[in-house]
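Scroll down for the structure; my scribbles are underneath it.
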Amino acid sequence: MAGRDVTFSQFRGDEPWRAKVAGIGSAGCNMIERSPVPPVAFSSSQADLDRSDADEKVLISPQKLVGLAQTDVSVIKQMPSVIAEEVGISVKGLDIMFMMAGLGGLTGSVGTAVVSSFARANGVLSVALTAGPFSAESERRRTLADIYTERIMTDVDMMIEFSNDALSSMAPNLPLSRAFAIMNGIMHRPIIDLLAAGTRKDAKVLRGTVGGAVRGRLGLGIARGDERVVKVVDEALSSPWFDFGLEQTEAAIVVYSAADPWDREFGEIVELLHARLGEVRMIHGSYSDGTLGDKIRLSLVLCRPP
């Protein structure tokens with residue numbers, strides 16, 4: 001294994017992550033359904049909040065949202081209680097804040113920038129999971145998404161982006177509502193795996209591993225039978241969301257799960273990944289998932305600079 005590899009801490013007695021996920025805007029409020037961590041529905045639409053089953057809900061006006069987006073992080077640090085009241089989301093005691101949103105609309109785009117800035121100002125590890133507009137959507141939505149993608153990446157520790165066009169190519173014959181439900185489940189996977197593989201002690205080392213390579217993409221692999229290690233790596237690296245050359249990868253988050261995780265098998269997976277990716281900074285871990293039966297799963301987030 002490469003010298004720059006780090007392993008998630010999994011010592012008995014370590015405290016689990018203290019986490020929360022904010023669903024921002026209409027799409028974000030849908031994405032947090034069946035969330036694996038306490039969800040917050042954050043929107044400028046009362047209708048979005050009414051249909052959400054989140055225990056914590058925040059209604060904010062578009063005007064206030066735009067005003068908060070123009071607030072400098074240094075100001076937020078100087079007035080944390082005032083900004084907390086304005087944002088409406090408590091980050092007190094959290095180790096990590098996940099944000100889920102569809103970019104292109106005002107609330108999802110601007111809201112994610114605001115919440116990520118607020119989390120950063122409070123020293124909370126922040127991870128945005130966002131879906132971009134379809135290429136057939138209006139130029140205005142695509143432009144707004146591009147602008148705020150750049151803005152969000154200046155504040156978050158990691159931004160994992162998903163292309164809706166790639167989703168439609170994966171499930172061309174499914175009704176759109178069903179396809180989006182599948183997408184939501186996929187977008188939850190990095191949250192589930194990060195929280196299962198590590199503990200709250202890992203916030204600093206995860207931030208250090210990612211460093212400036214905040215632009216992430218997800219790859220997933222599931223395999224069984226002979227050569228399942230090779231198969232699971234090949235499938236994960238064939239992700240439709242990897243829209244950049246693998247050689248551009250600077251950091252990787254690797255989580256292996258199985259009904260009965262085997263250290264030797266995981267070691268082979270890490271070696272294969274280094275053979276394909278080179279000497280990238282890597283943080284990795286594993287956990288037991290009895291639902292997998294005789295299969296193994298590889299969850300892979302590859303990160304590059306903005």
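Every chain in the structure tokens has a letter given in the order shown (A, B, ...), and although residue numbers restart at 1 in each chain, ligands are simply numbered from 1 in the order shown.
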Quiz item: Residues at most 9 Å from Pro62 of chain A, counting only C-alpha atoms, excluding those fewer than 6 positions away in the same chain, as a VMD selection string?
Solution: chain A and resid 43 to 44 106 to 107 110
Self-check item: Members of segment 56-259 of chain A assigned strand (DSSP E) by DSSP, as a PyMOL selection string
Solution: chain A and resi 56-59+96-102+125-132+158-163+215-223+251-258
For the residues in the current selection, export N, CA and C atoms as a short mmCIF file (atom, residue, chain, number, x, y, z; two decimals), in the first residue's frame.
data_model
loop_
_atom_site.label_atom_id
_atom_site.label_comp_id
_atom_site.auth_asym_id
_atom_site.auth_seq_id
_atom_site.Cartn_x
_atom_site.Cartn_y
_atom_site.Cartn_z
N GLU A 56 -36.97 18.52 11.33
CA GLU A 56 -36.51 19.91 11.36
C GLU A 56 -36.77 20.54 10.00
N LYS A 57 -37.48 21.67 10.00
CA LYS A 57 -37.83 22.33 8.74
C LYS A 57 -37.53 23.82 8.84
N VAL A 58 -37.00 24.37 7.75
CA VAL A 58 -36.64 25.78 7.72
C VAL A 58 -37.24 26.42 6.48
N LEU A 59 -38.08 27.44 6.69
CA LEU A 59 -38.65 28.23 5.60
C LEU A 59 -37.89 29.55 5.54
N ILE A 96 -19.96 16.72 11.19
CA ILE A 96 -20.07 16.74 9.74
C ILE A 96 -21.49 17.13 9.33
N MET A 97 -21.58 17.98 8.31
CA MET A 97 -22.86 18.39 7.75
C MET A 97 -22.89 18.00 6.28
N PHE A 98 -23.88 17.19 5.91
CA PHE A 98 -24.11 16.86 4.51
C PHE A 98 -25.19 17.78 3.96
N MET A 99 -25.04 18.18 2.71
CA MET A 99 -26.04 19.00 2.04
C MET A 99 -26.41 18.34 0.73
N MET A 100 -27.71 18.19 0.47
CA MET A 100 -28.16 17.57 -0.76
C MET A 100 -29.06 18.56 -1.49
N ALA A 101 -28.79 18.74 -2.78
CA ALA A 101 -29.54 19.73 -3.55
C ALA A 101 -29.44 19.46 -5.03
N GLY A 102 -30.43 19.95 -5.75
CA GLY A 102 -30.35 20.03 -7.19
C GLY A 102 -29.95 21.44 -7.56
N LEU A 125 -17.08 19.86 9.34
CA LEU A 125 -16.76 19.25 8.06
C LEU A 125 -18.00 19.28 7.18
N SER A 126 -17.87 19.76 5.95
CA SER A 126 -19.04 19.92 5.09
C SER A 126 -18.87 19.15 3.79
N VAL A 127 -19.92 18.41 3.43
CA VAL A 127 -19.93 17.62 2.19
C VAL A 127 -21.22 17.92 1.44
N ALA A 128 -21.11 18.44 0.23
CA ALA A 128 -22.28 18.71 -0.61
C ALA A 128 -22.44 17.59 -1.62
N LEU A 129 -23.66 17.09 -1.76
CA LEU A 129 -23.99 16.09 -2.77
C LEU A 129 -25.03 16.73 -3.68
N THR A 130 -24.65 17.02 -4.90
CA THR A 130 -25.50 17.82 -5.77
C THR A 130 -25.76 17.13 -7.11
N ALA A 131 -26.94 17.42 -7.66
CA ALA A 131 -27.30 16.95 -9.00
C ALA A 131 -27.41 18.15 -9.91
N GLY A 132 -26.74 18.10 -11.05
CA GLY A 132 -26.79 19.21 -11.99
C GLY A 132 -27.99 19.10 -12.91
N MET A 158 -15.77 18.93 0.55
CA MET A 158 -15.89 18.03 -0.60
C MET A 158 -17.26 18.22 -1.23
N MET A 159 -17.28 18.22 -2.56
CA MET A 159 -18.53 18.34 -3.30
C MET A 159 -18.62 17.15 -4.27
N ILE A 160 -19.59 16.28 -4.05
CA ILE A 160 -19.76 15.10 -4.90
C ILE A 160 -20.89 15.41 -5.88
N GLU A 161 -20.56 15.47 -7.15
CA GLU A 161 -21.51 15.89 -8.17
C GLU A 161 -22.05 14.69 -8.95
N PHE A 162 -23.33 14.78 -9.28
CA PHE A 162 -24.00 13.74 -10.05
C PHE A 162 -24.65 14.38 -11.27
N SER A 163 -24.47 13.77 -12.41
CA SER A 163 -25.09 14.26 -13.64
C SER A 163 -26.42 13.57 -13.87
N ARG A 215 -13.42 18.46 -5.61
CA ARG A 215 -14.42 18.09 -6.62
C ARG A 215 -14.46 16.57 -6.75
N GLY A 216 -15.51 15.95 -6.23
CA GLY A 216 -15.57 14.49 -6.17
C GLY A 216 -16.62 13.89 -7.07
N ARG A 217 -16.40 12.64 -7.42
CA ARG A 217 -17.35 11.84 -8.20
C ARG A 217 -17.42 10.46 -7.56
N LEU A 218 -18.61 9.85 -7.63
CA LEU A 218 -18.83 8.56 -6.99
C LEU A 218 -18.76 7.41 -7.98
N GLY A 219 -18.10 6.33 -7.56
CA GLY A 219 -18.12 5.08 -8.29
C GLY A 219 -18.55 3.97 -7.36
N LEU A 220 -19.39 3.07 -7.85
CA LEU A 220 -19.88 1.95 -7.05
C LEU A 220 -19.66 0.64 -7.78
N GLY A 221 -19.26 -0.37 -7.05
CA GLY A 221 -19.11 -1.69 -7.63
C GLY A 221 -19.66 -2.75 -6.70
N ILE A 222 -20.34 -3.75 -7.25
CA ILE A 222 -20.82 -4.90 -6.49
C ILE A 222 -20.47 -6.15 -7.27
N ALA A 223 -19.89 -7.13 -6.59
CA ALA A 223 -19.47 -8.34 -7.31
C ALA A 223 -19.53 -9.55 -6.39
N ALA A 251 -7.04 12.56 -4.79
CA ALA A 251 -7.40 11.94 -3.51
C ALA A 251 -8.54 10.97 -3.74
N ALA A 252 -8.60 9.94 -2.92
CA ALA A 252 -9.65 8.93 -3.04
C ALA A 252 -10.13 8.50 -1.66
N ILE A 253 -11.45 8.32 -1.57
CA ILE A 253 -12.07 7.77 -0.36
C ILE A 253 -12.60 6.40 -0.74
N VAL A 254 -12.12 5.37 -0.08
CA VAL A 254 -12.40 3.99 -0.46
C VAL A 254 -13.06 3.26 0.71
N VAL A 255 -14.24 2.72 0.47
CA VAL A 255 -14.93 1.96 1.51
C VAL A 255 -15.36 0.61 0.94
N TYR A 256 -14.90 -0.44 1.59
CA TYR A 256 -15.21 -1.82 1.20
C TYR A 256 -16.16 -2.41 2.22
N SER A 257 -17.21 -3.05 1.76
CA SER A 257 -18.14 -3.68 2.69
C SER A 257 -18.49 -5.08 2.22
N ALA A 258 -18.73 -5.95 3.18
CA ALA A 258 -19.07 -7.35 2.92
C ALA A 258 -19.76 -7.89 4.15
#
Quiz item: Restricting the calculation to only C-alpha atoms, which member of A:Asp155, A:Asp234, A:Glu139, A:Asp50 is positioned closest to Ser299 of chain A?
Solution: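 Ranking A:Asp155, A:Asp234, A:Glu139, A:Asp50 by distance to Ser299 of chain A, first place goes to A:Asp234.
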Quiz item: For Asp53 of chain A, which residue out of A:Thr71, A:Phe118, A:Gly23, A:Arg281 is the nearest one, using only C-alpha atoms?
Solution: A:Gly23
Practice problem: Could you tell me which of A:Asn164, A:Thr199, A:Gly212, A:Ser116 comes closest to Ala179 of chain A if we count only C-alpha atoms? | Solution: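 Residue with the minimum atom-to-atom distance to Ala179 of chain A: A:Asn164.
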Self-check item: Near-Leu272 of chain A list (9 Å; only C-alpha atoms; drop same-chain fewer than 3 positions) as a ChimeraX atom specification
Solution: /A:229-230,233,267-269,275-277
Residues from last step as file, N, CA and C atoms, as a CSV table (one decimal), in the first residue's frame:
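Written out: part_28.csv:
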chain,number,residue,atom,x,y,z
A,229,VAL,N,-12.8,-9.5,-6.6
A,229,VAL,CA,-12.0,-8.3,-6.3
A,229,VAL,C,-11.7,-7.5,-7.6
A,230,VAL,N,-11.3,-8.2,-8.7
A,230,VAL,CA,-11.0,-7.5,-9.9
A,230,VAL,C,-12.4,-6.9,-10.5
A,233,VAL,N,-13.6,-3.7,-8.6
A,233,VAL,CA,-12.8,-2.5,-8.9
A,233,VAL,C,-13.1,-2.0,-10.3
A,267,GLY,N,-7.0,-5.5,1.1
A,267,GLY,CA,-5.7,-5.1,0.7
A,267,GLY,C,-5.5,-5.3,-0.8
A,268,GLU,N,-6.0,-6.3,-1.4
A,268,GLU,CA,-5.9,-6.5,-2.8
A,268,GLU,C,-6.7,-5.4,-3.6
A,269,ILE,N,-7.8,-5.0,-3.0
A,269,ILE,CA,-8.6,-4.0,-3.7
A,269,ILE,C,-7.8,-2.7,-3.7
A,275,ALA,N,-2.8,0.7,-8.6
A,275,ALA,CA,-2.2,0.4,-9.9
A,275,ALA,C,-2.9,1.1,-11.0
A,276,ARG,N,-4.2,1.4,-10.8
A,276,ARG,CA,-5.0,2.1,-11.8
A,276,ARG,C,-4.9,3.7,-11.6
A,277,LEU,N,-4.8,4.1,-10.4
A,277,LEU,CA,-4.9,5.6,-10.1
A,277,LEU,C,-3.5,6.2,-9.8
Quiz item: Closest to Gly245 of chain A among A:Arg304, A:Arg151, A:Arg189, A:Arg18, using only C-alpha atoms?
Solution: A:Arg304
Practice problem: Using only C-alpha atoms, pick whichever of A:Val214, A:Ile76, A:Leu103, A:Met282 has the shortest atom-to-atom distance to Thr143 of chain A. | Solution: A:Leu103
Quiz prompt | Who sits within 6 Å of Ser26 of chain A, only C-alpha atoms, same chain under 2 positions skipped, as JSON, numbers by chain | solution = {"A": [28, 29, 48]}
Save out the residues we just selected, C-alpha atoms, as a PDB file, in the first residue's frame.
ATOM      1  CA  GLY A  28     -33.046  18.536  -1.985  1.00  0.00           C
ATOM      2  CA  CYS A  29     -36.171  18.062   0.139  1.00  0.00           C
ATOM      3  CA  ASP A  48     -41.687  21.617  -0.112  1.00  0.00           C
TER       4      ASP A  48
END
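A straight line drawn from atom CA of Val156 of chain A to atom CA of Arg120 of chain A is 6.9 Å long.
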Exercise. Based on DSSP run over this structure's backbone, return all residues of segment 75-223 of chain A in helix (DSSP H, G or I), as number ranges by chain.
Key: A: 75-78, 80-87, 106-121, 139-153, 164-170, 176-197, 200-210
Exercise. Find the spatial neighbours of Ser52 of chain A, counting only C-alpha atoms, within a cut-off of 12 Å - ignore same-chain residues fewer than 5 positions away - and output them as a VMD selection string.
Key: chain A and resid 22 to 35 39 to 43 45 to 47 57 to 58
Please produce a file of those selected residues containing C-alpha atoms, as a compact mmCIF listing (two decimals), in the first residue's frame.
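New file out.txt:
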# COMPACT_ATOMS: atom_id res chain seq x y z
CA ALA A 22 -29.83 19.30 4.91
CA GLY A 23 -32.09 18.87 1.89
CA ILE A 24 -32.01 22.27 0.20
CA GLY A 25 -34.68 23.40 -2.27
CA SER A 26 -37.39 21.28 -3.89
CA ALA A 27 -35.06 18.57 -5.20
CA GLY A 28 -33.05 18.54 -1.98
CA CYS A 29 -36.17 18.06 0.14
CA ASN A 30 -36.98 15.01 -1.99
CA MET A 31 -33.42 13.68 -1.75
CA ILE A 32 -33.44 13.44 2.04
CA GLU A 33 -36.39 11.04 2.17
CA ARG A 34 -35.33 7.95 4.16
CA SER A 35 -32.13 9.73 5.15
CA PRO A 39 -32.57 15.44 8.13
CA VAL A 40 -33.36 19.13 7.80
CA ALA A 41 -35.71 20.34 5.05
CA PHE A 42 -34.58 23.82 3.95
CA SER A 43 -36.61 25.67 1.35
CA SER A 45 -41.40 26.99 -0.56
CA GLN A 46 -43.88 26.00 2.13
CA ALA A 47 -45.13 23.26 -0.18
CA LYS A 57 -37.83 22.33 8.74
CA VAL A 58 -36.64 25.78 7.72
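The residue that comes closest to Asp243 of chain A, out of A:Ala113, A:Ala181, A:Lys92, A:Asp165 and on the basis of only C-alpha atoms, is A:Asp165.
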Segment 214-291 of chain A near segment 4-8 of chain A within 8 Å: what's each residue's closest atom pair and its distance in Å to one decimal, counting only C-alpha atoms, ordered by chain then ascending residue number, as a tab-separated table?
residue	atom	partner	partner_atom	distance
A:Glu279	CA	A:Arg4	CA	7.8
A:Val280	CA	A:Arg4	CA	7.5
A:Arg281	CA	A:Arg4	CA	5.4
A:Met282	CA	A:Asp5	CA	4.8
A:Ile283	CA	A:Val6	CA	4.6
A:His284	CA	A:Thr7	CA	5.0
A:Gly285	CA	A:Phe8	CA	5.2
Generate a file of the selected residues that holds C-alpha atoms, formatted as a compact mmCIF listing (two decimals), in the first residue's frame.
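Result went into out_28.txt, see below:
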# COMPACT_ATOMS: atom_id res chain seq x y z
CA GLU A 279 0.10 7.37 -5.91
CA VAL A 280 -3.00 9.32 -4.92
CA ARG A 281 -3.76 10.35 -1.35
CA MET A 282 -6.13 7.70 -0.08
CA ILE A 283 -8.25 7.19 3.01
CA HIS A 284 -9.91 3.79 3.29
CA GLY A 285 -11.96 1.65 5.60
